Amino acid sequence: MNVRSTTQRVGLIAVMAAAVIAFPVHGAEESLDLHAIEWSPMGETAPAEEMDFDGVNGMRLPCNFEETDFPRASWDADVELDLSTAQGLEIEMRCADPAPIAYVIVYLQSGGGWYPSTAKLPGEEWTTIRVQPEASGIEGSPEGWSQISTVRIAAWRGFDQDTRMDVRSMRVLPADGTIGVLRAEAAGATGTGDPQSIAQHVERIGAMLSEVGLEYRLASDLDPANLPLDELDLLIMPYTPDLPDTIEQDIVCWMEDDGGKVLAFYHLPSSIAEAGGLRPGQYIQQEWPGHFAAIVPTAQLQGAPERAAQDSWNINTAYPATEDAEILAAWEDEDGEQLDAPAITGSPRLVYMSHIIQPDDPEAKQQLLLAMLGYLDEGIWRAAAEGLIADVGVVAGYGGLEDMRRELTAPRAQEALDEAEALVDEGRALMESGEFREAVPVVEEAKQRAVEAYAKDQTPEPGEWRGFWCHRADGIEGVEWDTSIRRLSEKGFTAILPNMSWGGLAYYPSDVLPEAEEVQEGRDYVAEVLEACQEHGVELHVWKVNWYMGGRAPSEFVERMEREGRVQAHFDGSLERDWLCPSHPDNQQLEIDAMLEVAANYDVDGVHFDYIRYPGQDGCFCEGCRERFEERLGEEVGDWPADTRDEPDIREAWLQFRRDQITTVVAEVAEELQENHPEVQLSAAVFSNWSNSRDSIGQDAELWCEQGYLDFVCPMNYTPHNHVFARQTANQIEAAHGVPVYPGIGLTTWAGMQPDTVKLIEQIRLARDSGAPGFTIFEYDQPAMDDVLPLAGMGITREE
């Protein structure tokens with residue numbers, strides 16, 4: 001292999017006459033010549049090197065972690081790509097030793113912003129990585145997928161050890177499908193909409209389409225070039241709070257001239273409504289929780305569920321304006337009373353739902369989405385049936401039912417496969433007779449039986465710690481703690497970690513923190529869940545959110561904290577009123593006392609730190625922090641706070657100062673428990689990248705393990721990417737100095753309406769393979785209890 005550093009390529013670049021190479025993409029797959037691109041390392045990152053991989057031009061990316069302290073090694077490849085009509089970018093990579101890398105993110109720059117995507121961590125063999133629009137986030141103010149100017153490959157530090165990555169190809173993938181999903185990036189750029197919320201709604205719709213095998217392409221409203229309407233039959237608008245006028249008019253012309261059809265949610269521009277035969281109604285805010293509780297379709301919305309739970313807090317209505325338009329569903333309140341406000345209104349050109357699709361009642365929502373699409377285009381039913389039947393048995397890496405039949409050995413798994421095959425035969429018969437809408441639920445049931453076969457083939461690990469976080473102090477809404485804890489126990493789970501307090505609020509009688517209103521009225525949620533746990537043999541570890549008040553603390557408490565100089569300040573001096581300052585002695589004592597109070601007053605199994613950190617590098621720079629830091633330093637900081645970033649010695653002292661404030665609380669609670677309540681375990685939910693977190697948020701999880709402060713640790717490895725989860729877990733176990741690591745699995749953080757129990761099982765198996773003696777799942781809610789527990793209890797957590 002020939003090696004040449006990109007910093008030594010001046011002559012070659014001059015001959016090329018340009019460092020940016022353009023590949024407009026419209027249809028055929030295009031490959032990029034990696035040697036014809038300028039690769040720029042960021043900061044202290046080592047330069048990229050040109051390589052010849054068996055006659056293919058490639059690049060070597062050295063990750064020089066050993067004698068540096070930057071959080072990531074990254075390289076910018078200057079390109080000029082139009083991905084507006086593409087599936088995305090495909091990159092072939094490998095890594096000599098993945099262990100030092102926590103994860104890889106590929107960023108695509110467009111204008112003043114970026115589209116980040118977590119990539120599969122490559123191994124020693126060549127690995128194909130796909131960067132797809134629907135799976136990307138939004139940072140800053142990007143200008144659309146037609147204007148990609150930089151591909152940034154970033155390897156985030158896991159360990160202080162050198163390694164390298166190789167790249168041998170980068171090519172654009174043409175898009176398929178005639179369904180478009182519009183992401184309202186213009187609203188994010190102008191501030192009229194939250195970019196993360198917009199991306200979340202788009203990702204949710206995309207996951208629902210993929211679930212039923214419908215191909216689609218992502219479109220942007222930043223530029224008409226990003227919205228190829230001439231290639232689409234149907235456009236979905238999941239959440240478009242501020243559609244640009246030019247885009248709006250393009251959609252109207254497409255509907256009127258080309259027969260284009262639209263499915264829109266919550267926001268409906270008047271011109272699109274008129275083109276679709278509808279009339280915008282009014283904005284209605286809920287008058288009480290449960291005011292808008294469910295959607296009840298009419299008979300005209302064929303294939304829809306009888307009822308779909310939908311916890312909405314406000315709606316924007318629309319009404320029929322032409323003879324071919326009609327109301328397709330009504331709202332229902334929590335008492336089952338139908339409201340005089342349409343939930344769904346439609347015509348042959350436009351279907352509109354008066355709120356966004358919420359993640360509750362996922363199976364019914366999946367049916368509802370398919371029914372709305374089918375109302376606009378009957379051919380959707382055929383496409384869905386064909387997509388679903390092709391996907392039966394494509395589970396956890398298996399290629400189909402035959403593949404599962406060969407590999408799964410448990411008799412109960414084979415029985416489930418028999419049922420799946422019978423349902424597939426029934427579905428095919430319906431499809432052959434043209435009854436595609438009737439075939440869809442049959443084939444969906446076949447898919448579920450295949451999933452059950454996989455679940456039933458799993459085996460439990462004796463003595464394993466199996467926990468669930470629960471963010472509500474009162475547990476699953478509408479379900480008594482006794483019921484939800486009993487269900488956990490029956491399915492083999494051993495622990496619950498309910499969120500019982502915040503930076504300025506307790507959901508139990510407290511002499512330390514302000515009490516929630518329910519507590520003042522006589523409730524004690526710790527006592528309630530404790531009784532259920534003791535009855536059903538489940539451990540109780542009380543979860544506290546430290547420092548962060550999160551809008552939960554009473555206003556008088558927050559105001560007092562601000563008056564006393566106890567809230568955080570940003571680098572620019574502005575206050576962060578939701579966060580207590582970790583260096584303030586009174587705040588430290590407040591956190592210590594709150595943790596110890598629970599251990600003293602209740603027979604709990606443990607107390608659990610969360611948010612035991614700073615919010616980020618932008619805090620805290622209050623006057624109290626300055627005084628306390630200068631006292632430690634023994635001198636004044638000349639240019640405050642700039643010197644904490646610009647002067648190396650001061651910066652290192654400042655970062656250690658921040659770590660020490662957090663560690664002081666952890667150490668004090670640990671020492672008090674060991675002395676006075678040795679039966680109570682101390683644990684913490686921590687970020688996944690321990691090396692980076694020491695500087696970025698002042699969280700030194702490895703030190704806490706090394707010093708014996710924690711009895712176990714729960715890193716929040718909330719990634720849908722199994723390879724990232726496995727690498728993170730392995731790195732954490734190696735750094736934990738023998739302290740049990742129960743990695744956090746982000747079940748409810750993954751895209752999709754329905755819980756991905758298959759991925760959950762895969763990550764439990766990866767945790768076991770890494771040597772973890774248990775795991776913790778985020779979070780325990782209604783879908784987890786109703787859908788996840790039964791599947792897990794069939795095998796992976798089965799009681800024997």
# chains A, B, ... in the order shown; residues from 1 in each chain; ligands from 1

$ residues_around --residues "Ala569 of chain A" --least-positions-apart "2" --cutoff "7 Å" --atoms "only C-alpha atoms" --output "PyMOL selection string"
chain A and resi 567+571+573-576+619-622

$ write_last_selection --atoms "all heavy atoms" --output "compact mmCIF listing (two decimals), in the first residue's frame"
# COMPACT_ATOMS: atom_id res chain seq x y z
N VAL A 567 -28.01 29.53 41.84
CA VAL A 567 -28.29 28.95 40.53
C VAL A 567 -27.09 29.18 39.62
O VAL A 567 -26.24 30.05 39.88
CB VAL A 567 -29.56 29.54 39.88
CG1 VAL A 567 -30.78 29.23 40.74
CG2 VAL A 567 -29.42 31.04 39.65
N PHE A 571 -21.39 30.89 30.55
CA PHE A 571 -20.11 31.53 30.24
C PHE A 571 -20.28 33.02 29.97
O PHE A 571 -19.42 33.83 30.31
CB PHE A 571 -19.48 30.84 29.03
CG PHE A 571 -18.07 31.27 28.72
CD1 PHE A 571 -16.99 30.74 29.41
CD2 PHE A 571 -17.83 32.20 27.71
CE1 PHE A 571 -15.70 31.14 29.13
CE2 PHE A 571 -16.54 32.60 27.41
CZ PHE A 571 -15.46 32.06 28.12
N GLY A 573 -22.44 34.93 31.37
CA GLY A 573 -22.95 35.60 32.55
C GLY A 573 -24.45 35.48 32.75
O GLY A 573 -24.96 35.80 33.82
N SER A 574 -25.19 35.05 31.75
CA SER A 574 -26.64 34.89 31.90
C SER A 574 -26.93 33.71 32.83
O SER A 574 -26.16 32.76 32.91
CB SER A 574 -27.29 34.67 30.54
OG SER A 574 -26.80 33.50 29.92
N LEU A 575 -28.05 33.80 33.53
CA LEU A 575 -28.38 32.79 34.53
C LEU A 575 -29.03 31.56 33.90
O LEU A 575 -29.78 31.67 32.93
CB LEU A 575 -29.32 33.38 35.59
CG LEU A 575 -28.73 34.47 36.50
CD1 LEU A 575 -29.77 34.88 37.53
CD2 LEU A 575 -27.47 33.98 37.18
N GLU A 576 -28.74 30.42 34.49
CA GLU A 576 -29.41 29.15 34.16
C GLU A 576 -30.25 28.80 35.37
O GLU A 576 -29.81 28.12 36.29
CB GLU A 576 -28.37 28.07 33.85
CG GLU A 576 -28.93 26.69 33.58
CD GLU A 576 -30.03 26.67 32.54
OE1 GLU A 576 -29.70 26.59 31.34
OE2 GLU A 576 -31.21 26.74 32.93
N GLY A 619 -21.31 25.75 31.93
CA GLY A 619 -21.65 26.05 33.31
C GLY A 619 -20.66 25.38 34.25
O GLY A 619 -20.03 24.39 33.87
N CYS A 620 -20.50 25.91 35.42
CA CYS A 620 -21.14 27.12 35.93
C CYS A 620 -20.06 28.20 36.10
O CYS A 620 -18.96 27.91 36.56
CB CYS A 620 -21.82 26.82 37.25
SG CYS A 620 -22.44 28.26 38.15
N PHE A 621 -20.42 29.44 35.72
CA PHE A 621 -19.48 30.56 35.80
C PHE A 621 -20.05 31.69 36.64
O PHE A 621 -19.84 32.87 36.34
CB PHE A 621 -19.15 31.05 34.38
CG PHE A 621 -18.42 30.03 33.55
CD1 PHE A 621 -19.10 29.17 32.70
CD2 PHE A 621 -17.04 29.91 33.63
CE1 PHE A 621 -18.43 28.22 31.94
CE2 PHE A 621 -16.35 28.98 32.87
CZ PHE A 621 -17.05 28.13 32.03
N CYS A 622 -20.77 31.33 37.70
CA CYS A 622 -21.33 32.34 38.58
C CYS A 622 -20.22 32.98 39.43
O CYS A 622 -19.09 32.48 39.47
CB CYS A 622 -22.41 31.73 39.47
SG CYS A 622 -21.78 30.58 40.73

$ select_by_dssp --residues "segment 197-265 of chain A" --states "helix (DSSP H, G or I)" --output "PyMOL selection string"
chain A and resi 197-211+224-226+229-231+245-258

$ select_by_dssp --residues "segment 517-718 of chain A" --states "strand (DSSP E)" --output "ChimeraX atom specification"
/A:539-545,567-569,575-580,606-610,681-686,712-717

$ residues_around --residues "Tyr614 of chain A" --least-positions-apart "2" --cutoff "8 Å" --atoms "only C-alpha atoms" --output "list in words"
Pro582, Tyr611, Ile612, Gly616, Gln617, Gly619, Cys620, Ile697, Gly698 and Gln699 of chain A

$ write_last_selection --atoms "N, CA and C atoms" --output "compact mmCIF listing (two decimals), in the first residue's frame"
# COMPACT_ATOMS: atom_id res chain seq x y z
N PRO A 582 -23.24 23.53 41.46
CA PRO A 582 -22.64 22.42 42.23
C PRO A 582 -21.52 22.83 43.18
N TYR A 611 -28.32 12.99 36.81
CA TYR A 611 -27.92 14.39 36.59
C TYR A 611 -26.82 14.79 37.56
N ILE A 612 -26.01 13.83 37.95
CA ILE A 612 -24.93 14.10 38.88
C ILE A 612 -23.75 14.62 38.05
N GLY A 616 -23.27 21.02 30.96
CA GLY A 616 -22.36 21.03 29.81
C GLY A 616 -21.16 21.90 30.13
N GLN A 617 -20.40 22.23 29.11
CA GLN A 617 -19.20 23.04 29.32
C GLN A 617 -19.53 24.50 29.59
N GLY A 619 -21.31 25.75 31.93
CA GLY A 619 -21.65 26.05 33.31
C GLY A 619 -20.66 25.38 34.25
N CYS A 620 -20.50 25.91 35.42
CA CYS A 620 -21.14 27.12 35.93
C CYS A 620 -20.06 28.20 36.10
N ILE A 697 -18.69 17.49 31.35
CA ILE A 697 -19.76 17.70 32.32
C ILE A 697 -19.29 17.49 33.77
N GLY A 698 -17.98 17.30 33.97
CA GLY A 698 -17.47 17.15 35.33
C GLY A 698 -17.84 15.85 36.00
N GLN A 699 -18.15 14.83 35.22
CA GLN A 699 -18.60 13.54 35.76
C GLN A 699 -17.47 12.52 35.63

$ closest_residue --among "A:Ser347, A:Gln285, A:Asn601, A:Ser354" --to "Asp511 of chain A" --atoms "only C-alpha atoms"
A:Asn601

$ residues_around --residues "segment 42-58 of chain A" --least-positions-apart "6" --cutoff "12 Å" --atoms "only C-alpha atoms" --output "ChimeraX atom specification"
/A:1-9,31-36,64-77,91-94,126,152-157,162-170

$ residues_around --residues "Tyr709 of chain A" --least-positions-apart "2" --cutoff "9 Å" --atoms "only C-alpha atoms" --output "compact mmCIF listing (two decimals) with N, CA, C and O atoms, in the first residue's frame"
# COMPACT_ATOMS: atom_id res chain seq x y z
N VAL A 666 -20.84 12.80 45.72
CA VAL A 666 -20.86 11.35 45.60
C VAL A 666 -20.10 10.70 46.76
O VAL A 666 -20.59 9.75 47.39
N ALA A 667 -18.93 11.24 47.06
CA ALA A 667 -18.09 10.66 48.12
C ALA A 667 -18.75 10.80 49.48
O ALA A 667 -18.73 9.84 50.29
N GLU A 668 -19.34 11.94 49.76
CA GLU A 668 -19.95 12.16 51.07
C GLU A 668 -21.15 11.24 51.28
O GLU A 668 -21.32 10.65 52.35
N VAL A 669 -21.98 11.09 50.25
CA VAL A 669 -23.13 10.19 50.37
C VAL A 669 -22.65 8.74 50.55
O VAL A 669 -23.17 8.01 51.40
N ALA A 670 -21.63 8.37 49.80
CA ALA A 670 -21.10 7.00 49.90
C ALA A 670 -20.57 6.73 51.31
O ALA A 670 -20.85 5.67 51.91
N GLU A 671 -19.81 7.64 51.85
CA GLU A 671 -19.21 7.44 53.17
C GLU A 671 -20.27 7.38 54.26
O GLU A 671 -20.19 6.55 55.18
N LEU A 682 -25.56 2.31 46.74
CA LEU A 682 -25.47 3.60 46.06
C LEU A 682 -25.10 3.35 44.60
O LEU A 682 -24.15 2.61 44.30
N SER A 683 -25.87 3.96 43.70
CA SER A 683 -25.62 3.78 42.27
C SER A 683 -25.81 5.11 41.55
O SER A 683 -26.26 6.10 42.14
N LEU A 703 -13.44 7.27 38.39
CA LEU A 703 -12.90 7.55 39.72
C LEU A 703 -13.87 7.06 40.79
O LEU A 703 -13.45 6.47 41.79
N TRP A 704 -15.16 7.30 40.60
CA TRP A 704 -16.14 6.87 41.61
C TRP A 704 -16.12 5.36 41.78
O TRP A 704 -16.30 4.86 42.89
N CYS A 705 -15.91 4.65 40.66
CA CYS A 705 -15.80 3.19 40.76
C CYS A 705 -14.48 2.79 41.44
O CYS A 705 -14.46 1.93 42.33
N GLU A 706 -13.41 3.42 41.02
CA GLU A 706 -12.09 3.09 41.56
C GLU A 706 -12.04 3.30 43.07
O GLU A 706 -11.44 2.51 43.81
N GLN A 707 -12.68 4.37 43.55
CA GLN A 707 -12.66 4.69 44.97
C GLN A 707 -13.69 3.90 45.78
O GLN A 707 -13.74 4.02 47.00
N ASP A 711 -21.86 1.15 44.37
CA ASP A 711 -22.06 -0.31 44.43
C ASP A 711 -22.35 -0.88 43.05
O ASP A 711 -22.06 -2.05 42.80

$ closest_residue --among "A:Pro297, A:Gly795, A:Gly260, A:Pro238" --to "Arg204 of chain A" --atoms "only C-alpha atoms"
A:Pro238

$ residues_around --residues "Met372 of chain A" --least-positions-apart "4" --cutoff "8 Å" --atoms "only C-alpha atoms" --output "list in words"
Leu263, Leu301, Ala304, Val351, Leu368 and Leu376 of chain A
